[in-house]
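Take a look at the structure set out below.
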Amino acid sequence: MARPKHEQRSEEPLRDPELPDIDAPESVRPRSGKLRRLFSTTPVMMAFATLLLIAVAALSWYATQWKRQVTVNRVVVSGVSLIPASGIERRLNRFKGENLDEIRTDDVRRALAPESYIRQMQISKELNGILRVRIKERRPSALVADAGRNLIIDTEGYLLPDEKVSGRFRLVTVYGVRTGGVRQLNEKDRSLLFALLDAFDRSAYARMMVSGIHLARGNQTWFTVAGSPIRFVIGNDGNFKEKLKKFEIFWQKVVAKKGIDCYDSVDLRFRQRVFATSPVSEAESADSSAAPVAPPASGQLPDERH
């Protein structure tokens, strides 16, 4: 028997209006608790952020005002060994007592411009009143004899005054250089000289014996060794490593036995032969039979093409 409509039990479950709908997707469920907490804390967060910004601005303003009152009370120089640090500090003494913030690095660089041995410099200003200069110096590679005065050649081919520097290094003296500018070797001489110096550095004995390098045109460059007047012609066209090997063999097998003044010149430029000119004869040449050269372990002299 059918019940009256008002007595029929509803098939739909009763829901608490206060509770979220658990059947609704999670993405659309209200998060009234979190949102309420978020909106309730926003004024606090905004107030905190505002106070933080005010504090940062105040500190920045204070630091700026304080920095403007700091003066240079000390100059610190580092990285120098060839240049006396006292000389650099003396050039920078005029910055002492000046406002640290107003000192320009370009002014410091101009003050140190006369120091030719400075290759690079890094300048910093510290809030404790220190003007700090870090210097990278030029390094000597050879010595030039020029019109009765000595000049230093650095590793980039620049010519520098010899301010008691040569006595601190074992430098080869170079003659016949040409400059491409006021203070630098020309490109051709620079390339030739550094190739020669590199070959000497890689040799076993020649680097300890060489005393002078004479740059000359027409493939006539030659060198001398300490205590001997002999000219060893090495040329300008490369293969210097192999030529120095022949020089070492010739020195050990011939010069060491006959004397350090047995020849006027020794030509190392030719393949498998060494030509030597006697100081007595006008043109006495020595090849592998007249002036025997001991071959290396391979049984033959280095193959050189000219």
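In the structure tokens, each chain is lettered A, B, ... as it comes, each chain's residues begin at 1, and ligands are numbered from 1 in order of appearance.
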
Give me, as a tab-separated table, the closest atom pair and its distance (Å, one decimal) for every residue of segment 101-156 of chain A within a cut-off of 9 Å of segment 80-84 of chain A, counting only C-alpha atoms, rows sorted by chain and rising number.
```
residue	atom	partner	partner_atom	distance
A:Glu115	CA	A:Ile83	CA	8.0
A:Tyr117	CA	A:Ile83	CA	7.0
A:Ile118	CA	A:Ile83	CA	8.3
A:Arg134	CA	A:Val80	CA	8.4
A:Ile135	CA	A:Val80	CA	6.3
A:Lys136	CA	A:Val80	CA	7.1
A:Glu137	CA	A:Val80	CA	6.6
A:Arg138	CA	A:Leu82	CA	8.7
A:Arg139	CA	A:Leu82	CA	8.8
```

Export N, CA and C atoms of the chosen residues as a PDB file, in the first residue's frame?
```pdb
ATOM      1  N   GLU A 115     104.984  54.231 -13.836  1.00  0.00           N
ATOM      2  CA  GLU A 115     105.613  52.961 -13.464  1.00  0.00           C
ATOM      3  C   GLU A 115     105.480  51.984 -14.628  1.00  0.00           C
ATOM      4  N   TYR A 117     106.715  49.078 -15.228  1.00  0.00           N
ATOM      5  CA  TYR A 117     106.665  47.644 -14.962  1.00  0.00           C
ATOM      6  C   TYR A 117     105.273  47.170 -14.530  1.00  0.00           C
ATOM      7  N   ILE A 118     104.320  48.074 -14.438  1.00  0.00           N
ATOM      8  CA  ILE A 118     102.952  47.672 -14.099  1.00  0.00           C
ATOM      9  C   ILE A 118     102.249  47.192 -15.370  1.00  0.00           C
ATOM     10  N   ARG A 134      96.144  46.255  -6.092  1.00  0.00           N
ATOM     11  CA  ARG A 134      96.766  44.961  -6.403  1.00  0.00           C
ATOM     12  C   ARG A 134      97.379  45.062  -7.797  1.00  0.00           C
ATOM     13  N   ILE A 135      98.669  44.738  -7.894  1.00  0.00           N
ATOM     14  CA  ILE A 135      99.425  44.974  -9.123  1.00  0.00           C
ATOM     15  C   ILE A 135      99.940  43.653  -9.696  1.00  0.00           C
ATOM     16  N   LYS A 136      99.871  43.538 -11.024  1.00  0.00           N
ATOM     17  CA  LYS A 136     100.509  42.437 -11.739  1.00  0.00           C
ATOM     18  C   LYS A 136     101.627  43.040 -12.575  1.00  0.00           C
ATOM     19  N   GLU A 137     102.857  42.599 -12.331  1.00  0.00           N
ATOM     20  CA  GLU A 137     104.019  43.209 -12.975  1.00  0.00           C
ATOM     21  C   GLU A 137     104.351  42.534 -14.305  1.00  0.00           C
ATOM     22  N   ARG A 138     105.095  43.266 -15.124  1.00  0.00           N
ATOM     23  CA  ARG A 138     105.671  42.699 -16.339  1.00  0.00           C
ATOM     24  C   ARG A 138     106.878  41.843 -15.954  1.00  0.00           C
ATOM     25  N   ARG A 139     107.116  40.761 -16.716  1.00  0.00           N
ATOM     26  CA  ARG A 139     108.209  39.851 -16.386  1.00  0.00           C
ATOM     27  C   ARG A 139     109.319  39.963 -17.427  1.00  0.00           C
TER      28      ARG A 139
END
```

Select from segment 77-175 of chain A everything DSSP, run on the backbone, classes as alpha helix (DSSP H), then give the selection as a ChimeraX atom specification. /A:85-92,105-112

Which residues are close to segment 145-155 of chain A, i.e. within 10 Å by only C-alpha atoms, leaving aside same-chain residues fewer than 6 positions away? Reply as a compact mmCIF listing (two decimals) with N, CA, C and O atoms, in the first residue's frame.
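Saved result, around.txt, follows:
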```
# COMPACT_ATOMS: atom_id res chain seq x y z
N TYR A 117 106.71 49.08 -15.23
CA TYR A 117 106.67 47.64 -14.96
C TYR A 117 105.27 47.17 -14.53
O TYR A 117 105.08 45.99 -14.29
N GLU A 137 102.86 42.60 -12.33
CA GLU A 137 104.02 43.21 -12.98
C GLU A 137 104.35 42.53 -14.31
O GLU A 137 103.98 41.39 -14.56
N ARG A 138 105.10 43.27 -15.12
CA ARG A 138 105.67 42.70 -16.34
C ARG A 138 106.88 41.84 -15.95
O ARG A 138 107.58 42.16 -15.00
N ARG A 139 107.12 40.76 -16.72
CA ARG A 139 108.21 39.85 -16.39
C ARG A 139 109.32 39.96 -17.43
O ARG A 139 109.07 39.92 -18.63
N PRO A 161 112.97 50.24 -18.83
CA PRO A 161 114.25 50.65 -18.26
C PRO A 161 114.78 49.59 -17.30
O PRO A 161 114.02 48.93 -16.60
N ASP A 162 116.10 49.46 -17.29
CA ASP A 162 116.73 48.50 -16.39
C ASP A 162 116.99 49.17 -15.05
O ASP A 162 118.05 49.73 -14.81
N GLU A 163 116.01 49.11 -14.18
CA GLU A 163 116.12 49.74 -12.87
C GLU A 163 116.57 48.71 -11.85
O GLU A 163 115.81 48.25 -11.01
N VAL A 165 117.11 45.70 -12.37
CA VAL A 165 116.32 44.49 -12.56
C VAL A 165 117.17 43.37 -13.14
O VAL A 165 117.06 42.20 -12.74
N SER A 166 118.06 43.69 -14.09
CA SER A 166 118.82 42.66 -14.78
C SER A 166 119.71 41.87 -13.84
O SER A 166 119.97 40.68 -14.07
N LEU A 171 119.64 36.90 -17.71
CA LEU A 171 119.02 37.30 -18.96
C LEU A 171 120.05 37.27 -20.09
O LEU A 171 121.20 37.68 -19.91
N THR A 173 121.62 38.70 -23.42
CA THR A 173 121.72 40.02 -24.04
C THR A 173 121.41 39.90 -25.53
O THR A 173 121.94 39.03 -26.22
N VAL A 174 120.56 40.78 -26.02
CA VAL A 174 120.13 40.76 -27.42
C VAL A 174 120.62 42.02 -28.11
O VAL A 174 120.53 43.13 -27.56
N TYR A 175 121.14 41.84 -29.33
CA TYR A 175 121.65 42.96 -30.12
C TYR A 175 120.89 43.04 -31.45
O TYR A 175 120.36 42.05 -31.94
N GLY A 176 120.84 44.23 -32.02
CA GLY A 176 120.27 44.41 -33.35
C GLY A 176 118.76 44.44 -33.39
O GLY A 176 118.17 44.23 -34.46
N VAL A 177 118.09 44.74 -32.27
CA VAL A 177 116.63 44.78 -32.29
C VAL A 177 116.15 46.07 -32.91
O VAL A 177 116.82 47.10 -32.87
N ARG A 183 108.05 51.93 -27.29
CA ARG A 183 108.43 51.04 -26.20
C ARG A 183 108.30 49.57 -26.54
O ARG A 183 108.29 48.72 -25.66
N GLN A 184 108.22 49.21 -27.80
CA GLN A 184 107.98 47.81 -28.13
C GLN A 184 108.76 47.39 -29.36
O GLN A 184 108.94 48.18 -30.30
N LEU A 185 109.23 46.12 -29.38
CA LEU A 185 109.89 45.58 -30.56
C LEU A 185 108.89 45.48 -31.71
O LEU A 185 107.69 45.31 -31.49
N ARG A 190 110.16 40.57 -32.70
CA ARG A 190 109.57 39.98 -31.51
C ARG A 190 109.29 38.49 -31.72
O ARG A 190 109.59 37.65 -30.87
N PHE A 194 111.44 35.58 -29.61
CA PHE A 194 110.76 34.68 -28.67
C PHE A 194 110.83 33.23 -29.13
O PHE A 194 110.85 32.31 -28.30
```

Picked from segment 136-304 of chain A by DSSP as strand (DSSP E or B), as a ChimeraX atom specification: /A:136-137,140-146,149-154,158-161,173-175,179,184-185,210-214,222-225,231-233,265-267,275-277

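Closest approach to Val108 of chain A among A:Pro229, A:Ser86, A:Asp267, A:Val75 is made by A:Val75 (distances from only C-alpha atoms).
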
Have a look at atom CA of Lys253 of chain A and atom CA of Ser203 of chain A and let me know their distance in Å, one decimal. 17.3 Å

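Separating atom CA of Arg90 of chain A from atom CA of Gly157 of chain A is a distance of 28.5 Å.
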
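When the distance limit is 8 Å and only C-alpha atoms are what count, the residues near Ala199 of chain A, minus those fewer than 5 positions from it on the same chain, are Phe240, Lys241 and Leu244 of chain A.
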
If you count only C-alpha atoms, which residues fall within 7 Å of Val133 of chain A, apart from same-chain ones fewer than 3 positions away, as a VMD selection string? chain A and resid 76 to 78 121 to 124

Output for the residues just chosen: all heavy atoms as a PDB file, in the first residue's frame:
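So the final result, stored in part-v1.pdb, reads:
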```pdb
ATOM      1  N   VAL A  76      97.463  50.537   0.687  1.00  0.00           N
ATOM      2  CA  VAL A  76      98.051  49.194   0.741  1.00  0.00           C
ATOM      3  C   VAL A  76      98.319  48.726  -0.685  1.00  0.00           C
ATOM      4  O   VAL A  76      97.414  48.712  -1.521  1.00  0.00           O
ATOM      5  CB  VAL A  76      97.114  48.205   1.459  1.00  0.00           C
ATOM      6  CG1 VAL A  76      97.719  46.799   1.446  1.00  0.00           C
ATOM      7  CG2 VAL A  76      96.862  48.654   2.892  1.00  0.00           C
ATOM      8  N   VAL A  77      99.577  48.350  -0.969  1.00  0.00           N
ATOM      9  CA  VAL A  77      99.986  47.892  -2.296  1.00  0.00           C
ATOM     10  C   VAL A  77     100.456  46.444  -2.175  1.00  0.00           C
ATOM     11  O   VAL A  77     101.232  46.113  -1.272  1.00  0.00           O
ATOM     12  CB  VAL A  77     101.120  48.772  -2.864  1.00  0.00           C
ATOM     13  CG1 VAL A  77     101.546  48.260  -4.237  1.00  0.00           C
ATOM     14  CG2 VAL A  77     100.671  50.224  -2.947  1.00  0.00           C
ATOM     15  N   SER A  78     100.006  45.588  -3.072  1.00  0.00           N
ATOM     16  CA  SER A  78     100.423  44.184  -3.067  1.00  0.00           C
ATOM     17  C   SER A  78     100.755  43.725  -4.482  1.00  0.00           C
ATOM     18  O   SER A  78     100.346  44.336  -5.460  1.00  0.00           O
ATOM     19  CB  SER A  78      99.311  43.301  -2.476  1.00  0.00           C
ATOM     20  OG  SER A  78      98.133  43.405  -3.260  1.00  0.00           O
ATOM     21  N   MET A 121      96.476  46.428 -12.985  1.00  0.00           N
ATOM     22  CA  MET A 121      96.240  46.801 -11.596  1.00  0.00           C
ATOM     23  C   MET A 121      94.751  46.726 -11.289  1.00  0.00           C
ATOM     24  O   MET A 121      93.902  46.923 -12.167  1.00  0.00           O
ATOM     25  CB  MET A 121      96.783  48.209 -11.305  1.00  0.00           C
ATOM     26  CG  MET A 121      96.002  49.340 -11.928  1.00  0.00           C
ATOM     27  SD  MET A 121      96.661  50.979 -11.488  1.00  0.00           S
ATOM     28  CE  MET A 121      98.088  51.061 -12.569  1.00  0.00           C
ATOM     29  N   GLN A 122      94.475  46.380 -10.049  1.00  0.00           N
ATOM     30  CA  GLN A 122      93.097  46.325  -9.555  1.00  0.00           C
ATOM     31  C   GLN A 122      92.992  47.232  -8.337  1.00  0.00           C
ATOM     32  O   GLN A 122      93.746  47.081  -7.376  1.00  0.00           O
ATOM     33  CB  GLN A 122      92.720  44.890  -9.184  1.00  0.00           C
ATOM     34  CG  GLN A 122      91.290  44.736  -8.703  1.00  0.00           C
ATOM     35  CD  GLN A 122      90.973  43.299  -8.320  1.00  0.00           C
ATOM     36  OE1 GLN A 122      91.809  42.422  -8.438  1.00  0.00           O
ATOM     37  NE2 GLN A 122      89.766  43.076  -7.860  1.00  0.00           N
ATOM     38  N   ILE A 123      92.070  48.175  -8.381  1.00  0.00           N
ATOM     39  CA  ILE A 123      91.947  49.198  -7.335  1.00  0.00           C
ATOM     40  C   ILE A 123      90.627  49.001  -6.608  1.00  0.00           C
ATOM     41  O   ILE A 123      89.575  48.832  -7.232  1.00  0.00           O
ATOM     42  CB  ILE A 123      92.019  50.610  -7.956  1.00  0.00           C
ATOM     43  CG1 ILE A 123      93.316  50.783  -8.746  1.00  0.00           C
ATOM     44  CG2 ILE A 123      91.900  51.677  -6.877  1.00  0.00           C
ATOM     45  CD1 ILE A 123      93.317  51.963  -9.675  1.00  0.00           C
ATOM     46  N   SER A 124      90.689  49.010  -5.288  1.00  0.00           N
ATOM     47  CA  SER A 124      89.470  48.884  -4.493  1.00  0.00           C
ATOM     48  C   SER A 124      89.526  49.848  -3.318  1.00  0.00           C
ATOM     49  O   SER A 124      90.602  50.190  -2.822  1.00  0.00           O
ATOM     50  CB  SER A 124      89.299  47.440  -3.990  1.00  0.00           C
ATOM     51  OG  SER A 124      90.400  47.057  -3.185  1.00  0.00           O
TER      52      SER A 124
END
```

In terms of the shortest atom-to-atom distance over only C-alpha atoms, which of A:Ala142, A:Leu268, A:Ala256, A:Val274 is closest to Gly212 of chain A?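 That would be A:Ala142, the residue with the smallest distance to Gly212 of chain A.
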